[in-house]
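*Asks:* Mind looking over this structure? Questions follow.
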Amino acid sequence: SIEFMLGFLTVLYNNLIFLFFGESYQTIYPVISYLSLLVFMVMQGIAQGMMPLVSVAVGKGDQKAIRFYFLRSLVLVVGAEALIVAACLLFPQNFAAVLLSPDSPLFHQAVSALRQYALSYLLAGINILLAGFFTALGHGRASCLLSLGRGFALLPLSILVLSHLTGGQGIWLAALVGEGLSCLVGLVLLKRVTASPAPLPVREAESTT
């Protein structure tokens, strides 16, 4: 799903970059998209590592363990996000140089774009973790709502609206806005999910039928 979302956003970004800046500027986004794929895979890995542990705790009805695994994973995600964002802010030239020559006329624009876009990683990992947490709790609808709403509604709409409102200048910060809106949705869903009764363990559920 992450690959599909990134593919969708790549098409959107490329069309908007072409609209506002021209064809030559389309070489900037691949720097961001490749890094985003790596970042999202790391966050997805943390979420997938948490999910079976939470699922086992749900089966046992151990609310303390559920909170423990979620909070530990959240600390790990936030710590990883902070390190990644710090690296992007301090050493963006190193990341940009992977795909662009420092002598390229677009190199400095790519560095600036990366610095702005990297701020969205601060919230992206939390959104990915929340979606995985909902799945582990047995609330698939909440997980789908957050994942699909983030990737195919809130992020694209933020990118479209801010790009047109700023004449393209806000295109790189738009991801931060989209992730922020998604995080708000995730927190609302988290409140509802944790306020609702926990799913019955499998054996207990079978015994009641």
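How things are named: the first chain in the structure tokens is A, the next is B, and so on; residues count from 1 in each chain; ligands count from 1 in the order shown.
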Return as JSON lines the residues of segment 93-124 of chain A lying at most 9 Å from segment 21-40 of chain A, together with the closest atom-to-atom pair for each and the distance in Å to one decimal, counting only C-alpha atoms, with rows in chain order and ascending residue number.
*Replies:*
```
{"residue": "A:Phe95", "atom": "CA", "partner": "A:Val31", "partner_atom": "CA", "distance": 7.3}
{"residue": "A:Ala96", "atom": "CA", "partner": "A:Val31", "partner_atom": "CA", "distance": 6.0}
{"residue": "A:Ala97", "atom": "CA", "partner": "A:Val31", "partner_atom": "CA", "distance": 8.7}
{"residue": "A:Val98", "atom": "CA", "partner": "A:Val31", "partner_atom": "CA", "distance": 7.6}
{"residue": "A:Leu99", "atom": "CA", "partner": "A:Val31", "partner_atom": "CA", "distance": 6.3}
{"residue": "A:Leu100", "atom": "CA", "partner": "A:Val31", "partner_atom": "CA", "distance": 8.0}
{"residue": "A:Leu106", "atom": "CA", "partner": "A:Tyr25", "partner_atom": "CA", "distance": 7.1}
{"residue": "A:Phe107", "atom": "CA", "partner": "A:Ile28", "partner_atom": "CA", "distance": 8.1}
{"residue": "A:Gln109", "atom": "CA", "partner": "A:Ile28", "partner_atom": "CA", "distance": 7.6}
{"residue": "A:Ala110", "atom": "CA", "partner": "A:Ile28", "partner_atom": "CA", "distance": 5.2}
{"residue": "A:Val111", "atom": "CA", "partner": "A:Ile28", "partner_atom": "CA", "distance": 8.9}
{"residue": "A:Ala113", "atom": "CA", "partner": "A:Ile28", "partner_atom": "CA", "distance": 7.9}
{"residue": "A:Leu114", "atom": "CA", "partner": "A:Ile32", "partner_atom": "CA", "distance": 6.2}
{"residue": "A:Tyr117", "atom": "CA", "partner": "A:Ile32", "partner_atom": "CA", "distance": 7.6}
{"residue": "A:Ala118", "atom": "CA", "partner": "A:Ile32", "partner_atom": "CA", "distance": 8.3}
{"residue": "A:Tyr121", "atom": "CA", "partner": "A:Val39", "partner_atom": "CA", "distance": 7.7}
{"residue": "A:Ala124", "atom": "CA", "partner": "A:Phe40", "partner_atom": "CA", "distance": 7.7}
```
*Asks:* List the neighbours of Ser73 of chain A out to 9 Å using only C-alpha atoms; skip same-chain residues closer than 5 positions along the sequence, and give me the result as a PyMOL selection string.
*Replies:* chain A and resi 46-47+49-50+68+78+129
*Asks:* Which of these, A:Met41, A:Leu189, A:Leu19, A:Leu76, has the shortest distance to Phe134 of chain A once you count only C-alpha atoms?
*Replies:*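 Closest to Phe134 of chain A of all the choices is A:Leu189.
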*Asks:* May I ask for the distance between atom CA of Gln44 of chain A and atom CA of Pro156 of chain A, given in Å to one decimal place?
*Replies:* 20.6 Å
*Asks:* What's the 9 Å shell around Val85 of chain A, counting only C-alpha atoms, without same-chain residues fewer than 2 positions away, as a list of chain:residue names?
*Replies:*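 Selected residues are A:Ala80, A:Glu81, A:Ala82, A:Leu83, A:Ala87, A:Cys88, A:Leu89, A:Leu90, A:Arg115, A:Ala118, A:Leu119, A:Ser120, A:Tyr121, A:Leu122.
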*Asks:* Could you take the residues named above and write them with N, CA, C and O atoms, as a short mmCIF file (atom, residue, chain, number, x, y, z; two decimals), in the first residue's frame?
*Replies:*
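File produced: again.cif:
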```cif
data_model
loop_
_atom_site.label_atom_id
_atom_site.label_comp_id
_atom_site.auth_asym_id
_atom_site.auth_seq_id
_atom_site.Cartn_x
_atom_site.Cartn_y
_atom_site.Cartn_z
N ALA A 80 13.42 7.53 15.72
CA ALA A 80 13.91 7.34 14.35
C ALA A 80 13.56 8.53 13.47
O ALA A 80 14.39 8.98 12.66
N GLU A 81 12.34 9.05 13.63
CA GLU A 81 11.93 10.21 12.86
C GLU A 81 12.83 11.41 13.15
O GLU A 81 13.25 12.13 12.23
N ALA A 82 13.11 11.64 14.41
CA ALA A 82 13.94 12.78 14.79
C ALA A 82 15.34 12.68 14.17
O ALA A 82 15.89 13.67 13.67
N LEU A 83 15.91 11.48 14.16
CA LEU A 83 17.24 11.29 13.58
C LEU A 83 17.21 11.51 12.06
O LEU A 83 18.11 12.15 11.50
N ALA A 87 19.06 14.55 10.05
CA ALA A 87 20.01 14.28 8.97
C ALA A 87 19.63 15.03 7.69
O ALA A 87 20.50 15.58 6.99
N CYS A 88 18.33 15.09 7.40
CA CYS A 88 17.88 15.79 6.19
C CYS A 88 18.08 17.30 6.30
O CYS A 88 18.36 17.97 5.30
N LEU A 89 17.94 17.83 7.51
CA LEU A 89 18.11 19.27 7.69
C LEU A 89 19.58 19.67 7.72
O LEU A 89 19.95 20.74 7.24
N LEU A 90 20.43 18.80 8.28
CA LEU A 90 21.84 19.13 8.42
C LEU A 90 22.67 18.74 7.20
O LEU A 90 23.63 19.42 6.86
N ARG A 115 14.71 19.77 2.44
CA ARG A 115 14.64 20.31 3.80
C ARG A 115 13.19 20.56 4.21
O ARG A 115 12.80 20.31 5.35
N ALA A 118 11.13 17.05 4.31
CA ALA A 118 11.55 16.16 5.39
C ALA A 118 10.79 16.41 6.69
O ALA A 118 10.67 15.50 7.52
N LEU A 119 10.27 17.61 6.88
CA LEU A 119 9.52 17.89 8.10
C LEU A 119 8.29 17.01 8.22
O LEU A 119 7.83 16.73 9.33
N SER A 120 7.75 16.56 7.09
CA SER A 120 6.56 15.70 7.13
C SER A 120 6.85 14.33 7.73
O SER A 120 5.94 13.65 8.21
N TYR A 121 8.14 13.93 7.72
CA TYR A 121 8.49 12.63 8.30
C TYR A 121 8.25 12.59 9.81
O TYR A 121 8.11 11.51 10.39
N LEU A 122 8.20 13.78 10.44
CA LEU A 122 7.97 13.84 11.88
C LEU A 122 6.63 13.23 12.26
O LEU A 122 6.45 12.72 13.37
#
```
